[in-house]
Amino acid sequence: IRFVAVNFNNSHYSAKLLDSLRLLNGMGREFAMDCIIVDNSTNSDEATRCREFSAGFPWVSYIRSEKNLGYFGGLNRGLAAARSNDADFVVIGNNDIEFEPDFCERLISLIPDPSVFAICPDEITSDGIHMNPYVKHRISPLRRFQLDLYFSNYYVARLLLFIYGIVRPHKKSRLQPQSGGYELHMGHGACFVLTQEFLKRFESLNYPHFLQGEEAYFSDQIHSAGGRLWYEPAL
């Protein structure tokens with residue numbers, strides 16, 4: 001199992017991430033693990049801190065990027081640094097994630113259908129909101145129109161957010177999602193698990209921009225190859 005995360009001027013998050021990986025149940029016995037931290041930091045002190053504590057873990061590889069590549073750009077740099085097909089799973093995500101100790105034990109117990117290219121775990125924010133399931137079904141023409149409006153102008157976007165906050169103040173449920181996995185159209189972008197089926201077909205994440213909207217491009221990349229995204233609340 002390989003983990004790939006991107007650091008950007010917030011090394012304290014990366015330190016917590018690595019601490020949570022250090023405490024994973026079964027590491028070295030039930031599964032082998034490594035981690036790649038790609039550092040996009042523009043602050044040299046933050047980069048130094050990230051490099052120094054990364055060196056304290058023998059299973060961590062630290063990569064200092066010459067420039068800020070963005071989120072998926074940084075992940076692609078990490079994916080290119082190692083032969084991804086030598087891993088059964090590659091977990092990609094933000095550096096502000098902390099994994100439950102049984103995450104990998106549960107992951108290796110899964111036998112994904114060959115059509116599943118990515119697994120979307122249960123992401124829980126610090127205030128208890130579950131970010132997955134993110135988008136269950138293909139986006140409707142009305143929703144596409146709303147998104148076109150949202151991205152057309154900064155002030156239009158602010159107005160839409162204000163209206164949306166009144167009409168639907170809580171975007172995600174604070175309750176535990178239903179048990180059992182199911183297919184999603186789009187998962188939340190903070191964390192994905194790439195399966196062997198994805199790694200056989202793609203060497204990188206298809207993302208032509210610098211930042212924002214990564215979930216949509218990732219979903220399209222998978223669906224264009226006949227694959228599926230699977231929400232797994234057990235992770």
# chains A, B, ... in the order shown; residues from 1 in each chain; ligands from 1
$ residues_around --residues "Glu46 in chain A" --least-positions-apart "6" --cutoff "8 Å" --atoms "only C-alpha atoms" --output "MDAnalysis selection string"
chainID A and resid 9:11
$ residues_around --residues "range 23-35 of chain A" --least-positions-apart "2" --cutoff "6 Å" --atoms "only C-alpha atoms" --output "ChimeraX atom specification"
/A:1-4,20-21,59-60,101-102
$ write_last_selection --atoms "C-alpha atoms" --output "compact mmCIF listing (two decimals), in the first residue's frame"
# COMPACT_ATOMS: atom_id res chain seq x y z
CA ILE A 1 0.00 0.00 0.00
CA ARG A 2 1.46 3.32 -1.07
CA PHE A 3 0.37 6.71 0.26
CA VAL A 4 0.99 9.90 -1.74
CA SER A 20 -1.32 8.36 11.94
CA LEU A 21 0.37 6.13 9.34
CA TRP A 59 9.23 4.28 4.79
CA VAL A 60 8.78 7.94 3.74
CA PRO A 101 -5.57 2.59 12.86
CA ASP A 102 -7.55 -0.15 11.09
$ atom_distance --atom1 "CA of His12 in chain A" --atom2 "CA of Asp96 in chain A"
8.6 Å
$ residues_around --residues "range 42-45 of chain A" --least-positions-apart "4" --cutoff "9 Å" --atoms "only C-alpha atoms" --output "ChimeraX atom specification"
/A:8-9,49-50,67-68
$ select_by_dssp --residues "range 21-187 of chain A" --states "strand (DSSP E or B)" --output "PDB file with all heavy atoms, in the first residue's frame"
ATOM      1  N   MET A  27       1.027  -3.026  10.040  1.00  0.00           N
ATOM      2  CA  MET A  27       2.098  -2.614   9.149  1.00  0.00           C
ATOM      3  C   MET A  27       3.337  -3.479   9.382  1.00  0.00           C
ATOM      4  O   MET A  27       3.773  -3.662  10.522  1.00  0.00           O
ATOM      5  CB  MET A  27       2.452  -1.139   9.363  1.00  0.00           C
ATOM      6  CG  MET A  27       3.563  -0.643   8.444  1.00  0.00           C
ATOM      7  SD  MET A  27       3.820   1.154   8.517  1.00  0.00           S
ATOM      8  CE  MET A  27       4.249   1.388  10.232  1.00  0.00           C
ATOM      9  N   PHE A  31       0.814  -6.214   5.818  1.00  0.00           N
ATOM     10  CA  PHE A  31       1.010  -5.477   4.569  1.00  0.00           C
ATOM     11  C   PHE A  31       2.293  -4.663   4.667  1.00  0.00           C
ATOM     12  O   PHE A  31       2.745  -4.308   5.761  1.00  0.00           O
ATOM     13  CB  PHE A  31      -0.178  -4.539   4.293  1.00  0.00           C
ATOM     14  CG  PHE A  31      -0.408  -3.516   5.364  1.00  0.00           C
ATOM     15  CD1 PHE A  31       0.208  -2.272   5.315  1.00  0.00           C
ATOM     16  CD2 PHE A  31      -1.236  -3.789   6.447  1.00  0.00           C
ATOM     17  CE1 PHE A  31       0.008  -1.326   6.316  1.00  0.00           C
ATOM     18  CE2 PHE A  31      -1.454  -2.856   7.445  1.00  0.00           C
ATOM     19  CZ  PHE A  31      -0.829  -1.624   7.376  1.00  0.00           C
ATOM     20  N   ASP A  34       4.591   2.196   2.044  1.00  0.00           N
ATOM     21  CA  ASP A  34       5.500   3.325   1.917  1.00  0.00           C
ATOM     22  C   ASP A  34       4.678   4.577   1.661  1.00  0.00           C
ATOM     23  O   ASP A  34       3.473   4.506   1.397  1.00  0.00           O
ATOM     24  CB  ASP A  34       6.572   3.102   0.845  1.00  0.00           C
ATOM     25  CG  ASP A  34       6.015   2.887  -0.547  1.00  0.00           C
ATOM     26  OD1 ASP A  34       4.984   3.492  -0.889  1.00  0.00           O
ATOM     27  OD2 ASP A  34       6.594   2.091  -1.303  1.00  0.00           O
ATOM     28  N   CYS A  35       5.322   5.708   1.781  1.00  0.00           N
ATOM     29  CA  CYS A  35       4.633   6.992   1.649  1.00  0.00           C
ATOM     30  C   CYS A  35       5.540   7.976   0.919  1.00  0.00           C
ATOM     31  O   CYS A  35       6.753   8.017   1.163  1.00  0.00           O
ATOM     32  CB  CYS A  35       4.261   7.540   3.032  1.00  0.00           C
ATOM     33  SG  CYS A  35       3.474   9.176   2.999  1.00  0.00           S
ATOM     34  N   ILE A  36       4.947   8.744   0.021  1.00  0.00           N
ATOM     35  CA  ILE A  36       5.663   9.788  -0.709  1.00  0.00           C
ATOM     36  C   ILE A  36       5.028  11.134  -0.366  1.00  0.00           C
ATOM     37  O   ILE A  36       3.819  11.314  -0.528  1.00  0.00           O
ATOM     38  CB  ILE A  36       5.608   9.547  -2.231  1.00  0.00           C
ATOM     39  CG1 ILE A  36       6.299   8.226  -2.586  1.00  0.00           C
ATOM     40  CG2 ILE A  36       6.250  10.710  -2.981  1.00  0.00           C
ATOM     41  CD1 ILE A  36       6.138   7.829  -4.044  1.00  0.00           C
ATOM     42  N   ILE A  37       5.841  12.040   0.139  1.00  0.00           N
ATOM     43  CA  ILE A  37       5.388  13.407   0.418  1.00  0.00           C
ATOM     44  C   ILE A  37       5.989  14.323  -0.649  1.00  0.00           C
ATOM     45  O   ILE A  37       7.210  14.430  -0.763  1.00  0.00           O
ATOM     46  CB  ILE A  37       5.827  13.890   1.812  1.00  0.00           C
ATOM     47  CG1 ILE A  37       5.220  13.020   2.907  1.00  0.00           C
ATOM     48  CG2 ILE A  37       5.437  15.360   2.011  1.00  0.00           C
ATOM     49  CD1 ILE A  37       3.725  13.166   3.074  1.00  0.00           C
ATOM     50  N   VAL A  38       5.137  14.957  -1.425  1.00  0.00           N
ATOM     51  CA  VAL A  38       5.584  15.932  -2.423  1.00  0.00           C
ATOM     52  C   VAL A  38       5.389  17.318  -1.821  1.00  0.00           C
ATOM     53  O   VAL A  38       4.277  17.686  -1.443  1.00  0.00           O
ATOM     54  CB  VAL A  38       4.800  15.794  -3.739  1.00  0.00           C
ATOM     55  CG1 VAL A  38       5.269  16.847  -4.748  1.00  0.00           C
ATOM     56  CG2 VAL A  38       4.951  14.395  -4.312  1.00  0.00           C
ATOM     57  N   ASP A  39       6.470  18.070  -1.729  1.00  0.00           N
ATOM     58  CA  ASP A  39       6.429  19.368  -1.059  1.00  0.00           C
ATOM     59  C   ASP A  39       6.382  20.497  -2.081  1.00  0.00           C
ATOM     60  O   ASP A  39       7.363  20.794  -2.762  1.00  0.00           O
ATOM     61  CB  ASP A  39       7.646  19.520  -0.148  1.00  0.00           C
ATOM     62  CG  ASP A  39       7.487  20.647   0.857  1.00  0.00           C
ATOM     63  OD1 ASP A  39       6.521  21.421   0.710  1.00  0.00           O
ATOM     64  OD2 ASP A  39       8.308  20.741   1.785  1.00  0.00           O
ATOM     65  N   VAL A  60       9.234   6.700   4.377  1.00  0.00           N
ATOM     66  CA  VAL A  60       8.779   7.941   3.740  1.00  0.00           C
ATOM     67  C   VAL A  60       9.829   8.450   2.760  1.00  0.00           C
ATOM     68  O   VAL A  60      11.022   8.518   3.092  1.00  0.00           O
ATOM     69  CB  VAL A  60       8.485   9.035   4.788  1.00  0.00           C
ATOM     70  CG1 VAL A  60       8.121  10.355   4.095  1.00  0.00           C
ATOM     71  CG2 VAL A  60       7.336   8.600   5.703  1.00  0.00           C
ATOM     72  N   SER A  61       9.394   8.810   1.561  1.00  0.00           N
ATOM     73  CA  SER A  61      10.246   9.476   0.576  1.00  0.00           C
ATOM     74  C   SER A  61       9.777  10.928   0.448  1.00  0.00           C
ATOM     75  O   SER A  61       8.587  11.176   0.205  1.00  0.00           O
ATOM     76  CB  SER A  61      10.167   8.787  -0.783  1.00  0.00           C
ATOM     77  OG  SER A  61      10.627   7.454  -0.707  1.00  0.00           O
ATOM     78  N   TYR A  62      10.718  11.851   0.622  1.00  0.00           N
ATOM     79  CA  TYR A  62      10.402  13.275   0.549  1.00  0.00           C
ATOM     80  C   TYR A  62      10.864  13.816  -0.795  1.00  0.00           C
ATOM     81  O   TYR A  62      12.021  13.611  -1.206  1.00  0.00           O
ATOM     82  CB  TYR A  62      11.081  14.023   1.684  1.00  0.00           C
ATOM     83  CG  TYR A  62      10.975  15.539   1.607  1.00  0.00           C
ATOM     84  CD1 TYR A  62       9.863  16.203   2.094  1.00  0.00           C
ATOM     85  CD2 TYR A  62      11.997  16.291   1.020  1.00  0.00           C
ATOM     86  CE1 TYR A  62       9.755  17.590   2.027  1.00  0.00           C
ATOM     87  CE2 TYR A  62      11.906  17.673   0.946  1.00  0.00           C
ATOM     88  CZ  TYR A  62      10.782  18.317   1.440  1.00  0.00           C
ATOM     89  OH  TYR A  62      10.687  19.684   1.357  1.00  0.00           O
ATOM     90  N   ILE A  63       9.966  14.512  -1.508  1.00  0.00           N
ATOM     91  CA  ILE A  63      10.293  15.102  -2.809  1.00  0.00           C
ATOM     92  C   ILE A  63      10.030  16.600  -2.730  1.00  0.00           C
ATOM     93  O   ILE A  63       8.906  17.031  -2.460  1.00  0.00           O
ATOM     94  CB  ILE A  63       9.459  14.486  -3.942  1.00  0.00           C
ATOM     95  CG1 ILE A  63       9.730  12.988  -4.069  1.00  0.00           C
ATOM     96  CG2 ILE A  63       9.734  15.206  -5.261  1.00  0.00           C
ATOM     97  CD1 ILE A  63       8.851  12.302  -5.091  1.00  0.00           C
ATOM     98  N   ARG A  64      11.044  17.374  -2.948  1.00  0.00           N
ATOM     99  CA  ARG A  64      10.913  18.833  -2.954  1.00  0.00           C
ATOM    100  C   ARG A  64      10.675  19.292  -4.383  1.00  0.00           C
ATOM    101  O   ARG A  64      11.518  19.108  -5.269  1.00  0.00           O
ATOM    102  CB  ARG A  64      12.181  19.481  -2.394  1.00  0.00           C
ATOM    103  CG  ARG A  64      12.140  21.012  -2.389  1.00  0.00           C
ATOM    104  CD  ARG A  64      11.247  21.501  -1.261  1.00  0.00           C
ATOM    105  NE  ARG A  64      11.393  22.940  -1.047  1.00  0.00           N
ATOM    106  CZ  ARG A  64      10.485  23.841  -1.436  1.00  0.00           C
ATOM    107  NH1 ARG A  64       9.396  23.458  -2.072  1.00  0.00           N
ATOM    108  NH2 ARG A  64      10.676  25.117  -1.176  1.00  0.00           N
ATOM    109  N   VAL A  90      -2.897   2.437  -4.124  1.00  0.00           N
ATOM    110  CA  VAL A  90      -2.209   3.707  -3.921  1.00  0.00           C
ATOM    111  C   VAL A  90      -3.226   4.701  -3.373  1.00  0.00           C
ATOM    112  O   VAL A  90      -4.228   5.005  -4.034  1.00  0.00           O
ATOM    113  CB  VAL A  90      -1.579   4.246  -5.223  1.00  0.00           C
ATOM    114  CG1 VAL A  90      -0.956   5.610  -4.971  1.00  0.00           C
ATOM    115  CG2 VAL A  90      -0.533   3.279  -5.759  1.00  0.00           C
ATOM    116  N   VAL A  91      -2.983   5.169  -2.163  1.00  0.00           N
ATOM    117  CA  VAL A  91      -3.884   6.108  -1.498  1.00  0.00           C
ATOM    118  C   VAL A  91      -3.364   7.513  -1.750  1.00  0.00           C
ATOM    119  O   VAL A  91      -2.251   7.857  -1.336  1.00  0.00           O
ATOM    120  CB  VAL A  91      -3.962   5.829   0.011  1.00  0.00           C
ATOM    121  CG1 VAL A  91      -4.983   6.755   0.665  1.00  0.00           C
ATOM    122  CG2 VAL A  91      -4.319   4.363   0.278  1.00  0.00           C
ATOM    123  N   ILE A  92      -4.144   8.327  -2.447  1.00  0.00           N
ATOM    124  CA  ILE A  92      -3.743   9.698  -2.755  1.00  0.00           C
ATOM    125  C   ILE A  92      -4.637  10.660  -1.982  1.00  0.00           C
ATOM    126  O   ILE A  92      -5.820  10.395  -1.777  1.00  0.00           O
ATOM    127  CB  ILE A  92      -3.819   9.992  -4.267  1.00  0.00           C
ATOM    128  CG1 ILE A  92      -5.247   9.771  -4.797  1.00  0.00           C
ATOM    129  CG2 ILE A  92      -2.825   9.134  -5.034  1.00  0.00           C
ATOM    130  CD1 ILE A  92      -5.439  10.183  -6.245  1.00  0.00           C
ATOM    131  N   GLY A  93      -4.060  11.790  -1.538  1.00  0.00           N
ATOM    132  CA  GLY A  93      -4.922  12.720  -0.825  1.00  0.00           C
ATOM    133  C   GLY A  93      -4.214  13.919  -0.248  1.00  0.00           C
ATOM    134  O   GLY A  93      -3.002  14.119  -0.421  1.00  0.00           O
ATOM    135  N   ASN A  94      -4.999  14.723   0.447  1.00  0.00           N
ATOM    136  CA  ASN A  94      -4.481  15.885   1.158  1.00  0.00           C
ATOM    137  C   ASN A  94      -3.546  15.453   2.281  1.00  0.00           C
ATOM    138  O   ASN A  94      -3.603  14.305   2.750  1.00  0.00           O
ATOM    139  CB  ASN A  94      -5.631  16.692   1.770  1.00  0.00           C
ATOM    140  CG  ASN A  94      -6.482  17.375   0.719  1.00  0.00           C
ATOM    141  OD1 ASN A  94      -6.106  17.486  -0.435  1.00  0.00           O
ATOM    142  ND2 ASN A  94      -7.656  17.831   1.133  1.00  0.00           N
ATOM    143  N   VAL A 116     -14.055  -1.465 -10.660  1.00  0.00           N
ATOM    144  CA  VAL A 116     -13.817  -0.375  -9.709  1.00  0.00           C
ATOM    145  C   VAL A 116     -12.383   0.128  -9.859  1.00  0.00           C
ATOM    146  O   VAL A 116     -11.439  -0.609  -9.595  1.00  0.00           O
ATOM    147  CB  VAL A 116     -14.087  -0.828  -8.264  1.00  0.00           C
ATOM    148  CG1 VAL A 116     -13.679   0.267  -7.280  1.00  0.00           C
ATOM    149  CG2 VAL A 116     -15.556  -1.178  -8.077  1.00  0.00           C
ATOM    150  N   PHE A 117     -12.230   1.350 -10.283  1.00  0.00           N
ATOM    151  CA  PHE A 117     -10.909   1.954 -10.488  1.00  0.00           C
ATOM    152  C   PHE A 117     -10.459   2.762  -9.274  1.00  0.00           C
ATOM    153  O   PHE A 117      -9.266   2.999  -9.095  1.00  0.00           O
ATOM    154  CB  PHE A 117     -10.920   2.872 -11.710  1.00  0.00           C
ATOM    155  CG  PHE A 117     -10.946   2.159 -13.030  1.00  0.00           C
ATOM    156  CD1 PHE A 117     -11.279   0.815 -13.128  1.00  0.00           C
ATOM    157  CD2 PHE A 117     -10.652   2.842 -14.197  1.00  0.00           C
ATOM    158  CE1 PHE A 117     -11.322   0.172 -14.353  1.00  0.00           C
ATOM    159  CE2 PHE A 117     -10.682   2.209 -15.429  1.00  0.00           C
ATOM    160  CZ  PHE A 117     -11.016   0.873 -15.510  1.00  0.00           C
ATOM    161  N   ALA A 118     -11.410   3.229  -8.469  1.00  0.00           N
ATOM    162  CA  ALA A 118     -11.065   4.044  -7.304  1.00  0.00           C
ATOM    163  C   ALA A 118     -12.079   3.804  -6.195  1.00  0.00           C
ATOM    164  O   ALA A 118     -13.279   3.664  -6.453  1.00  0.00           O
ATOM    165  CB  ALA A 118     -11.026   5.529  -7.663  1.00  0.00           C
ATOM    166  N   ILE A 119     -11.578   3.769  -4.966  1.00  0.00           N
ATOM    167  CA  ILE A 119     -12.412   3.624  -3.786  1.00  0.00           C
ATOM    168  C   ILE A 119     -12.441   4.960  -3.057  1.00  0.00           C
ATOM    169  O   ILE A 119     -11.403   5.598  -2.862  1.00  0.00           O
ATOM    170  CB  ILE A 119     -11.867   2.521  -2.866  1.00  0.00           C
ATOM    171  CG1 ILE A 119     -11.820   1.184  -3.608  1.00  0.00           C
ATOM    172  CG2 ILE A 119     -12.714   2.396  -1.600  1.00  0.00           C
ATOM    173  CD1 ILE A 119     -11.078   0.097  -2.857  1.00  0.00           C
ATOM    174  N   CYS A 120     -13.638   5.383  -2.667  1.00  0.00           N
ATOM    175  CA  CYS A 120     -13.822   6.652  -1.955  1.00  0.00           C
ATOM    176  C   CYS A 120     -14.115   6.336  -0.493  1.00  0.00           C
ATOM    177  O   CYS A 120     -15.172   5.776  -0.187  1.00  0.00           O
ATOM    178  CB  CYS A 120     -14.976   7.444  -2.560  1.00  0.00           C
ATOM    179  SG  CYS A 120     -14.873   7.654  -4.354  1.00  0.00           S
ATOM    180  N   PRO A 121     -13.215   6.654   0.422  1.00  0.00           N
ATOM    181  CA  PRO A 121     -13.433   6.329   1.836  1.00  0.00           C
ATOM    182  C   PRO A 121     -14.394   7.292   2.515  1.00  0.00           C
ATOM    183  O   PRO A 121     -14.794   8.316   1.942  1.00  0.00           O
ATOM    184  CB  PRO A 121     -12.028   6.430   2.433  1.00  0.00           C
ATOM    185  CG  PRO A 121     -11.333   7.430   1.568  1.00  0.00           C
ATOM    186  CD  PRO A 121     -11.898   7.270   0.192  1.00  0.00           C
ATOM    187  N   ILE A 124     -14.377  12.208   7.289  1.00  0.00           N
ATOM    188  CA  ILE A 124     -15.117  12.888   8.343  1.00  0.00           C
ATOM    189  C   ILE A 124     -14.330  14.133   8.758  1.00  0.00           C
ATOM    190  O   ILE A 124     -13.172  14.033   9.170  1.00  0.00           O
ATOM    191  CB  ILE A 124     -15.333  11.981   9.568  1.00  0.00           C
ATOM    192  CG1 ILE A 124     -15.930  10.639   9.131  1.00  0.00           C
ATOM    193  CG2 ILE A 124     -16.249  12.652  10.577  1.00  0.00           C
ATOM    194  CD1 ILE A 124     -15.967   9.612  10.235  1.00  0.00           C
ATOM    195  N   HIS A 130     -19.646  14.162   7.247  1.00  0.00           N
ATOM    196  CA  HIS A 130     -19.188  13.125   6.317  1.00  0.00           C
ATOM    197  C   HIS A 130     -19.222  13.695   4.889  1.00  0.00           C
ATOM    198  O   HIS A 130     -20.281  14.041   4.377  1.00  0.00           O
ATOM    199  CB  HIS A 130     -20.077  11.887   6.412  1.00  0.00           C
ATOM    200  CG  HIS A 130     -20.018  11.213   7.752  1.00  0.00           C
ATOM    201  ND1 HIS A 130     -19.231  10.098   7.987  1.00  0.00           N
ATOM    202  CD2 HIS A 130     -20.617  11.511   8.926  1.00  0.00           C
ATOM    203  CE1 HIS A 130     -19.368   9.727   9.254  1.00  0.00           C
ATOM    204  NE2 HIS A 130     -20.201  10.572   9.840  1.00  0.00           N
ATOM    205  N   VAL A 135     -21.077  12.965  -4.801  1.00  0.00           N
ATOM    206  CA  VAL A 135     -22.068  13.096  -5.876  1.00  0.00           C
ATOM    207  C   VAL A 135     -22.486  11.685  -6.273  1.00  0.00           C
ATOM    208  O   VAL A 135     -21.698  10.942  -6.848  1.00  0.00           O
ATOM    209  CB  VAL A 135     -21.491  13.854  -7.102  1.00  0.00           C
ATOM    210  CG1 VAL A 135     -22.532  13.933  -8.218  1.00  0.00           C
ATOM    211  CG2 VAL A 135     -21.026  15.244  -6.700  1.00  0.00           C
ATOM    212  N   TYR A 182     -21.380   1.391  -2.211  1.00  0.00           N
ATOM    213  CA  TYR A 182     -22.159   1.501  -3.436  1.00  0.00           C
ATOM    214  C   TYR A 182     -21.428   2.453  -4.386  1.00  0.00           C
ATOM    215  O   TYR A 182     -20.524   3.195  -3.993  1.00  0.00           O
ATOM    216  CB  TYR A 182     -23.581   1.982  -3.173  1.00  0.00           C
ATOM    217  CG  TYR A 182     -23.699   3.185  -2.278  1.00  0.00           C
ATOM    218  CD1 TYR A 182     -23.634   4.480  -2.789  1.00  0.00           C
ATOM    219  CD2 TYR A 182     -23.895   3.033  -0.906  1.00  0.00           C
ATOM    220  CE1 TYR A 182     -23.759   5.582  -1.967  1.00  0.00           C
ATOM    221  CE2 TYR A 182     -24.021   4.135  -0.077  1.00  0.00           C
ATOM    222  CZ  TYR A 182     -23.955   5.405  -0.611  1.00  0.00           C
ATOM    223  OH  TYR A 182     -24.061   6.488   0.215  1.00  0.00           O
ATOM    224  N   GLU A 183     -21.862   2.435  -5.635  1.00  0.00           N
ATOM    225  CA  GLU A 183     -21.202   3.227  -6.667  1.00  0.00           C
ATOM    226  C   GLU A 183     -21.549   4.707  -6.520  1.00  0.00           C
ATOM    227  O   GLU A 183     -22.677   5.070  -6.187  1.00  0.00           O
ATOM    228  CB  GLU A 183     -21.625   2.736  -8.046  1.00  0.00           C
ATOM    229  CG  GLU A 183     -20.937   3.463  -9.198  1.00  0.00           C
ATOM    230  CD  GLU A 183     -21.301   2.911 -10.559  1.00  0.00           C
ATOM    231  OE1 GLU A 183     -22.091   1.934 -10.615  1.00  0.00           O
ATOM    232  OE2 GLU A 183     -20.810   3.454 -11.572  1.00  0.00           O
ATOM    233  N   LEU A 184     -20.543   5.547  -6.762  1.00  0.00           N
ATOM    234  CA  LEU A 184     -20.729   6.992  -6.808  1.00  0.00           C
ATOM    235  C   LEU A 184     -20.402   7.512  -8.204  1.00  0.00           C
ATOM    236  O   LEU A 184     -19.595   6.913  -8.927  1.00  0.00           O
ATOM    237  CB  LEU A 184     -19.801   7.692  -5.809  1.00  0.00           C
ATOM    238  CG  LEU A 184     -20.015   7.501  -4.316  1.00  0.00           C
ATOM    239  CD1 LEU A 184     -19.012   8.361  -3.550  1.00  0.00           C
ATOM    240  CD2 LEU A 184     -21.432   7.843  -3.918  1.00  0.00           C
ATOM    241  N   MET A 186     -19.157  10.648  -8.359  1.00  0.00           N
ATOM    242  CA  MET A 186     -17.985  11.463  -8.063  1.00  0.00           C
ATOM    243  C   MET A 186     -17.709  11.398  -6.559  1.00  0.00           C
ATOM    244  O   MET A 186     -18.632  11.538  -5.755  1.00  0.00           O
ATOM    245  CB  MET A 186     -18.246  12.911  -8.485  1.00  0.00           C
ATOM    246  CG  MET A 186     -17.035  13.812  -8.544  1.00  0.00           C
ATOM    247  SD  MET A 186     -17.517  15.530  -8.982  1.00  0.00           S
ATOM    248  CE  MET A 186     -18.358  15.281 -10.549  1.00  0.00           C
TER     249      MET A 186
END
$ residues_around --residues "Leu229 in chain A" --least-positions-apart "6" --cutoff "12 Å" --atoms "only C-alpha atoms" --output "NGL selection string"
:A and (112-121 or 132-137 or 181-188 or 192-195 or 197-198 or 215-216 or 218-223)
$ select_by_dssp --residues "range 90-120 of chain A" --states "helix (DSSP H, G or I)" --output "VMD selection string"
chain A and resid 103 to 109
$ residues_around --residues "Leu147 in chain A" --least-positions-apart "4" --cutoff "12 Å" --atoms "only C-alpha atoms" --output "PyMOL selection string"
chain A and resi 139-143+151-153+156-157+160-161+213+216
$ write_last_selection --atoms "N, CA, C and O atoms" --output "compact mmCIF listing (two decimals), in the first residue's frame"
# COMPACT_ATOMS: atom_id res chain seq x y z
N ILE A 139 -24.38 14.44 -13.04
CA ILE A 139 -24.88 15.80 -12.86
C ILE A 139 -25.94 16.12 -13.92
O ILE A 139 -25.74 15.88 -15.12
N SER A 140 -27.05 16.67 -13.48
CA SER A 140 -28.16 17.00 -14.37
C SER A 140 -27.85 18.26 -15.17
O SER A 140 -26.99 19.06 -14.78
N PRO A 141 -28.57 18.49 -16.27
CA PRO A 141 -28.38 19.73 -17.03
C PRO A 141 -28.60 20.99 -16.18
O PRO A 141 -27.89 21.98 -16.35
N LEU A 142 -29.57 20.94 -15.24
CA LEU A 142 -29.81 22.09 -14.37
C LEU A 142 -28.60 22.35 -13.48
O LEU A 142 -28.18 23.50 -13.30
N ARG A 143 -28.04 21.28 -12.92
CA ARG A 143 -26.87 21.43 -12.05
C ARG A 143 -25.67 21.94 -12.85
O ARG A 143 -24.90 22.77 -12.36
N PHE A 151 -19.04 29.47 -11.82
CA PHE A 151 -17.67 29.72 -12.27
C PHE A 151 -17.55 30.87 -13.27
O PHE A 151 -16.45 31.17 -13.73
N SER A 152 -18.68 31.52 -13.57
CA SER A 152 -18.62 32.59 -14.57
C SER A 152 -18.05 33.88 -14.01
O SER A 152 -17.43 34.67 -14.73
N ASN A 153 -18.25 34.13 -12.70
CA ASN A 153 -17.87 35.41 -12.14
C ASN A 153 -17.75 35.28 -10.62
O ASN A 153 -18.57 34.61 -9.98
N VAL A 156 -20.89 36.61 -8.78
CA VAL A 156 -22.01 35.70 -8.98
C VAL A 156 -21.86 34.49 -8.06
O VAL A 156 -22.82 34.02 -7.44
N ALA A 157 -20.64 33.99 -7.95
CA ALA A 157 -20.37 32.84 -7.09
C ALA A 157 -20.68 33.16 -5.63
O ALA A 157 -21.29 32.36 -4.91
N LEU A 160 -24.44 33.20 -5.15
CA LEU A 160 -25.01 31.84 -5.14
C LEU A 160 -24.70 31.13 -3.84
O LEU A 160 -25.55 30.40 -3.30
N LEU A 161 -23.51 31.32 -3.31
CA LEU A 161 -23.16 30.70 -2.03
C LEU A 161 -24.02 31.25 -0.91
O LEU A 161 -24.43 30.51 0.01
N GLY A 213 -11.81 21.72 -8.89
CA GLY A 213 -12.56 20.87 -9.80
C GLY A 213 -11.92 19.53 -10.09
O GLY A 213 -12.28 18.84 -11.05
N ALA A 216 -14.14 16.31 -10.64
CA ALA A 216 -14.84 16.15 -11.91
C ALA A 216 -13.94 15.53 -12.97
O ALA A 216 -14.36 14.64 -13.71
$ closest_residue --among "A:Ile108, A:Glu66, A:Glu232, A:Val167" --to "Ala47 in chain A" --atoms "only C-alpha atoms"
A:Glu66
$ closest_residue --among "A:Arg51, A:Phe145, A:Asn95, A:Asp88" --to "Leu107 in chain A" --atoms "only C-alpha atoms"
A:Asp88
$ closest_residue --among "A:Tyr164, A:Gly73, A:Ala55, A:Arg83" --to "Gln212 in chain A" --atoms "only C-alpha atoms"
A:Gly73
$ atom_distance --atom1 "CA of Ile166 in chain A" --atom2 "CA of Leu211 in chain A"
27.3 Å
$ atom_distance --atom1 "CA of Cys191 in chain A" --atom2 "CA of Glu214 in chain A"
11.3 Å
